[in-house]
Amino acid sequence: MAPTTPEFGPDIDPYAPYEPQRGCDPEAKPGLVGFRDLVLAAYPGTTSMGISRACGSGGQSEHKEGRAWDWGVNVQGQEHLADDLIGWLHATDRHGNPHALARRFGIMYMIWNRRIWMANRPDAGWQPYRGANPHTNHIHFSFSWAGARKETSWWKGPVTPDRRQRLAVGMSVDGRVEVFHAAVDQIYHTYQHEPGGAWSGWRAFGGPASATVALAASPDGRLELFAMNGGTFMHRYQAKVSGEWADWYAFGGGGDHLAVSRNHDGRLEVFASNGGGVHHRWHDTPGGTWHDWRPLGGPAGARLAAAPASDGRIEVFAMNDDIFRHTCQTDLVGTWREWVDFGLGGEHLAVARNRDGRLEVFASNDSGVHHRWQNVPAGDWHDWQPLGGPVSARLAVVESHDERIEVFAMNDDVLQHNYQVDASGAWRTWQDFGGGGYFIRGLRNRDGRLEIFANNPGGVHHRWQHQPGSTWLDWQPL
């Protein structure tokens, strides 16, 4: 019988990245020892065939770093035990997380009975294994470094929620919608063949693994994609309008969150946060080369939102768990004011523009969604007001065809929708819009219809209006 499973919440470790053996330190790592002892206690009559392997033996192997274990279980007579443990590790938990315990242990790959499963390609399932050893008398488990060091949630408890935005949506100049999803191994891309038409299907797009992504359009309409994880920041753009994409190139170091906005003259400006605060870089000329990164100050590790005010000055909002701060350009040259307190910390934030040009900021915390808006375009700010809605929600805001703001708020359990009923800023009550999920984005199609994209354990889904301002079609898998 499989080991007893602790009670876990919905937040979960990412899939283990592929980290092959690089050095040699055969001493058994604590995560392997703990996993070995757990499995042997649960399945009497099975054996350990070892964790460590001498540096000079054989070829490349995580055994030489003390982070692989061979569980002695034979396909003849004990296959049911192997199936039981694998089923336990790969089961979807009650929160909808697939391969939940394999992720919580930090298992990188498993080899058993001439097949291999790899965490960096989880949807590929079990693939043929053509190594010399068929692995019919043992299962090989290789662990990530985090799993080997007992730094994963099986050992450490609650996982810090992943608040990085993994979806980006935009529209090419010809009106076709393009969607990017940052997965555990790279970024994937799908697009409409024609405006409102059929989709291409998901295609590998390269880029950093487990990245946060943002999409923006240059002055001539070419889309530019920015992708950053904890170790690197990369950039890729359409080489021609509505056309093919240039290759990725390095754009900076790693960080936590990012946002992109447009200056009054069309120059893009990118903002990124890390442990040292907020940093930014910008086009020297519209669509041209990029200025070097410059520190901007602000909260460390902050979630970011940025938008131009009615007079063209960029305003930036930065929030972490403890504080919320705001800065803005003081002129069109790009001079910045000092950061000022803007509220308390929270989960997620978004910014939109009202019909008359006033910016409105939305933020979520454990009591729901709150909002604050400019009293006059480019002016001072009204106090925060509660808007209700789901607690600790990820947010998407879109301006409708008649310039009313619509808000979508999704947590792990529910997705709800609210919108302004008129230009005065009056709001209706929240309505259920679907189940919970991970990340959410929205846009307005060329014909004015809104379209929402969200992902959950079943993949990316979308939903759109029949007509501008009308009812919504049901969710469809993308």
# chains A, B, ... in the order shown; residues from 1 in each chain; ligands from 1
call {"tool": "residues_around", "arguments": {"residues": "region 140-151 of chain A", "least_positions_apart": "3", "cutoff": "7 Å", "atoms": "only C-alpha atoms", "output": "ChimeraX atom specification"}}
result
/A:16-17,19,29-32,62,67-71,105-112,155-156
call {"tool": "select_by_dssp", "arguments": {"residues": "region 125-313 of chain A", "states": "helix (DSSP H, G or I)", "output": "PDB file with C-alpha atoms, in the first residue's frame"}}
result
ATOM      1  CA  TRP A 145      18.560  19.185  -6.802  1.00  0.00           C
ATOM      2  CA  ALA A 146      15.643  20.722  -4.887  1.00  0.00           C
ATOM      3  CA  GLY A 147      14.167  17.258  -4.327  1.00  0.00           C
ATOM      4  CA  ALA A 148      17.526  15.775  -3.415  1.00  0.00           C
ATOM      5  CA  SER A 153       6.859  20.695  -0.447  1.00  0.00           C
ATOM      6  CA  TRP A 154       6.703  17.025   0.611  1.00  0.00           C
ATOM      7  CA  TRP A 155       9.390  17.856   3.146  1.00  0.00           C
ATOM      8  CA  LYS A 156       8.956  21.577   3.726  1.00  0.00           C
TER       9      LYS A 156
END
call {"tool": "closest_residue", "arguments": {"among": "A:Gly275, A:Pro386, A:Gly437, A:Gly170", "to": "Arg222 (chain A)", "atoms": "only C-alpha atoms"}}
result
A:Gly170
call {"tool": "select_by_dssp", "arguments": {"residues": "region 6-76 of chain A", "states": "strand (DSSP E or B)", "output": "PDB file with C-alpha atoms, in the first residue's frame"}}
result
ATOM      1  CA  THR A  47      14.709  -3.861  -1.635  1.00  0.00           C
ATOM      2  CA  SER A  48      17.074  -0.971  -2.165  1.00  0.00           C
ATOM      3  CA  ALA A  68      19.185   8.797  -7.880  1.00  0.00           C
ATOM      4  CA  TRP A  69      17.784   5.662  -6.287  1.00  0.00           C
ATOM      5  CA  ASP A  70      17.053   2.182  -7.673  1.00  0.00           C
ATOM      6  CA  TRP A  71      14.076   0.512  -6.017  1.00  0.00           C
ATOM      7  CA  GLY A  72      14.344  -3.264  -6.219  1.00  0.00           C
TER       8      GLY A  72
END
call {"tool": "residues_around", "arguments": {"residues": "Val391 (chain A)", "least_positions_apart": "4", "cutoff": "12 Å", "atoms": "only C-alpha atoms", "output": "VMD selection string"}}
result
chain A and resid 346 to 348 363 to 370 386 to 387 395 409 to 416 436
call {"tool": "residues_around", "arguments": {"residues": "region 448-461 of chain A", "least_positions_apart": "2", "cutoff": "8 Å", "atoms": "only C-alpha atoms", "output": "PyMOL selection string"}}
result
chain A and resi 96-98+167+398+400-401+436-446+463-469+475-478
call {"tool": "closest_residue", "arguments": {"among": "A:Leu223, A:Ala182, A:Met1, A:Val340", "to": "Glu244 (chain A)", "atoms": "only C-alpha atoms"}}
result
A:Leu223
call {"tool": "closest_residue", "arguments": {"among": "A:Ser310, A:Gln186, A:Asn229, A:Thr5", "to": "Leu332 (chain A)", "atoms": "only C-alpha atoms"}}
result
A:Ser310
call {"tool": "residues_around", "arguments": {"residues": "region 296-301 of chain A", "least_positions_apart": "2", "cutoff": "8 Å", "atoms": "only C-alpha atoms", "output": "NGL selection string"}}
result
:A and (255-257 or 273-280 or 294 or 303 or 318-320 or 323-325 or 339)
call {"tool": "residues_around", "arguments": {"residues": "region 80-92 of chain A", "least_positions_apart": "6", "cutoff": "6 Å", "atoms": "only C-alpha atoms", "output": "list in words"}}
result
Ala2, Pro98, His99, Ala100, Leu101 and Ala102 of chain A
call {"tool": "write_last_selection", "arguments": {"atoms": "C-alpha atoms", "output": "tab-separated table (two decimals), in the first residue's frame"}}
result
chain	number	residue	atom	x	y	z
A	2	ALA	CA	1.30	3.45	-0.89
A	98	PRO	CA	-1.56	16.39	-12.13
A	99	HIS	CA	1.42	14.23	-11.12
A	100	ALA	CA	1.07	15.88	-7.74
A	101	LEU	CA	3.36	13.83	-5.53
A	102	ALA	CA	6.05	13.37	-8.17
call {"tool": "residues_around", "arguments": {"residues": "Trp248 (chain A)", "least_positions_apart": "5", "cutoff": "8 Å", "atoms": "only C-alpha atoms", "output": "compact mmCIF listing (two decimals) with all heavy atoms, in the first residue's frame"}}
result
# COMPACT_ATOMS: atom_id res chain seq x y z
N GLY A 206 10.34 27.82 -27.93
CA GLY A 206 11.62 28.05 -27.28
C GLY A 206 11.51 29.01 -26.11
O GLY A 206 10.44 29.23 -25.55
N GLY A 207 12.63 29.57 -25.72
CA GLY A 207 12.64 30.53 -24.63
C GLY A 207 12.85 29.90 -23.28
O GLY A 207 12.97 28.68 -23.14
N MET A 234 14.81 36.90 -21.69
CA MET A 234 15.00 36.82 -23.14
C MET A 234 13.89 37.57 -23.87
O MET A 234 12.81 37.81 -23.31
CB MET A 234 15.07 35.36 -23.59
CG MET A 234 16.21 34.58 -22.95
SD MET A 234 16.41 32.91 -23.60
CE MET A 234 17.21 33.28 -25.17
N HIS A 235 14.16 37.89 -25.13
CA HIS A 235 13.27 38.74 -25.93
C HIS A 235 13.21 38.19 -27.34
O HIS A 235 14.22 37.73 -27.88
CB HIS A 235 13.84 40.17 -25.93
CG HIS A 235 13.11 41.13 -26.81
ND1 HIS A 235 13.76 42.09 -27.57
CD2 HIS A 235 11.80 41.30 -27.05
CE1 HIS A 235 12.87 42.81 -28.23
NE2 HIS A 235 11.67 42.35 -27.93
N ARG A 236 12.03 38.22 -27.93
CA ARG A 236 11.84 37.77 -29.30
C ARG A 236 10.76 38.64 -29.92
O ARG A 236 9.82 39.06 -29.24
CB ARG A 236 11.44 36.30 -29.31
CG ARG A 236 11.48 35.64 -30.67
CD ARG A 236 11.20 34.15 -30.59
NE ARG A 236 11.27 33.55 -31.91
CZ ARG A 236 11.00 32.28 -32.19
NH1 ARG A 236 10.66 31.45 -31.21
NH2 ARG A 236 11.08 31.82 -33.42
call {"tool": "closest_residue", "arguments": {"among": "A:Phe226, A:Tyr249, A:Trp384, A:Phe35", "to": "Gln165 (chain A)", "atoms": "only C-alpha atoms"}}
result
A:Phe226
call {"tool": "atom_distance", "arguments": {"atom1": "CA of Glu194 (chain A)", "atom2": "CA of Ala239 (chain A)"}}
result
19.0 Å
call {"tool": "closest_residue", "arguments": {"among": "A:Ile314, A:Ala352, A:Val270, A:Val177", "to": "Pro295 (chain A)", "atoms": "only C-alpha atoms"}}
result
A:Val270
call {"tool": "decode", "arguments": {"residues": "region 222-246 of chain A", "atoms": "N, CA, C and O atoms", "output": "CSV table (one decimal), in the first residue's frame"}}
result
chain,number,residue,atom,x,y,z
A,222,ARG,N,4.4,45.4,-35.0
A,222,ARG,CA,5.1,44.1,-34.7
A,222,ARG,C,5.0,43.7,-33.3
A,222,ARG,O,5.3,44.5,-32.4
A,223,LEU,N,4.6,42.5,-33.0
A,223,LEU,CA,4.5,42.0,-31.6
A,223,LEU,C,5.9,41.7,-31.1
A,223,LEU,O,6.8,41.2,-31.8
A,224,GLU,N,6.1,42.0,-29.8
A,224,GLU,CA,7.4,41.7,-29.1
A,224,GLU,C,7.1,40.9,-27.8
A,224,GLU,O,6.2,41.3,-27.1
A,225,LEU,N,7.7,39.8,-27.6
A,225,LEU,CA,7.5,39.0,-26.5
A,225,LEU,C,8.7,39.0,-25.6
A,225,LEU,O,9.9,38.9,-26.0
A,226,PHE,N,8.4,39.2,-24.3
A,226,PHE,CA,9.4,39.2,-23.2
A,226,PHE,C,9.2,38.1,-22.3
A,226,PHE,O,8.1,37.8,-21.8
A,227,ALA,N,10.3,37.3,-21.9
A,227,ALA,CA,10.1,36.1,-21.1
A,227,ALA,C,11.3,36.0,-20.1
A,227,ALA,O,12.4,36.1,-20.5
A,228,MET,N,10.9,35.9,-18.9
A,228,MET,CA,11.9,35.9,-17.8
A,228,MET,C,11.6,34.9,-16.8
A,228,MET,O,10.5,34.7,-16.3
A,229,ASN,N,12.7,34.1,-16.3
A,229,ASN,CA,12.6,33.3,-15.2
A,229,ASN,C,13.6,33.7,-14.1
A,229,ASN,O,14.1,34.8,-14.3
A,230,GLY,N,13.9,32.9,-13.1
A,230,GLY,CA,14.8,33.3,-12.1
A,230,GLY,C,16.2,33.5,-12.5
A,230,GLY,O,17.0,34.1,-11.8
A,231,GLY,N,16.6,32.9,-13.7
A,231,GLY,CA,18.0,32.9,-14.1
A,231,GLY,C,18.3,33.8,-15.3
A,231,GLY,O,19.4,34.2,-15.5
A,232,THR,N,17.3,34.1,-16.2
A,232,THR,CA,17.5,34.8,-17.4
A,232,THR,C,16.3,35.5,-17.9
A,232,THR,O,15.2,35.2,-17.5
A,233,PHE,N,16.6,36.5,-18.8
A,233,PHE,CA,15.5,37.3,-19.4
A,233,PHE,C,15.8,37.3,-20.9
A,233,PHE,O,16.9,37.6,-21.3
A,234,MET,N,14.8,36.9,-21.7
A,234,MET,CA,15.0,36.8,-23.1
A,234,MET,C,13.9,37.6,-23.9
A,234,MET,O,12.8,37.8,-23.3
A,235,HIS,N,14.2,37.9,-25.1
A,235,HIS,CA,13.3,38.7,-25.9
A,235,HIS,C,13.2,38.2,-27.3
A,235,HIS,O,14.2,37.7,-27.9
A,236,ARG,N,12.0,38.2,-27.9
A,236,ARG,CA,11.8,37.8,-29.3
A,236,ARG,C,10.8,38.6,-29.9
A,236,ARG,O,9.8,39.1,-29.2
A,237,TYR,N,10.8,38.9,-31.2
A,237,TYR,CA,9.9,39.8,-31.8
A,237,TYR,C,9.6,39.4,-33.3
A,237,TYR,O,10.4,38.6,-33.9
A,238,GLN,N,8.5,39.9,-33.8
A,238,GLN,CA,8.2,39.6,-35.2
A,238,GLN,C,9.1,40.4,-36.1
A,238,GLN,O,9.3,41.6,-35.9
A,239,ALA,N,9.7,39.7,-37.0
A,239,ALA,CA,10.7,40.3,-37.9
A,239,ALA,C,10.0,41.2,-38.9
A,239,ALA,O,10.6,42.2,-39.4
A,240,LYS,N,8.8,40.9,-39.2
A,240,LYS,CA,8.0,41.8,-40.0
A,240,LYS,C,6.5,41.8,-39.5
A,240,LYS,O,6.1,40.9,-38.8
A,241,VAL,N,5.8,42.8,-39.9
A,241,VAL,CA,4.4,43.0,-39.4
A,241,VAL,C,3.6,41.7,-39.7
A,241,VAL,O,3.5,41.3,-40.9
A,242,SER,N,3.0,41.2,-38.7
A,242,SER,CA,2.1,40.0,-38.8
A,242,SER,C,2.8,38.8,-39.4
A,242,SER,O,2.2,37.8,-39.9
A,243,GLY,N,4.2,38.8,-39.3
A,243,GLY,CA,4.9,37.8,-40.0
A,243,GLY,C,5.7,36.9,-39.1
A,243,GLY,O,5.4,36.7,-37.9
A,244,GLU,N,6.8,36.3,-39.6
A,244,GLU,CA,7.6,35.4,-38.8
A,244,GLU,C,8.3,36.1,-37.7
A,244,GLU,O,8.5,37.3,-37.7
A,245,TRP,N,8.9,35.2,-36.8
A,245,TRP,CA,9.5,35.8,-35.6
A,245,TRP,C,11.0,35.6,-35.7
A,245,TRP,O,11.5,34.6,-36.2
A,246,ALA,N,11.8,36.6,-35.3
A,246,ALA,CA,13.2,36.5,-35.2
A,246,ALA,C,13.6,35.6,-34.0
A,246,ALA,O,12.7,35.2,-33.2
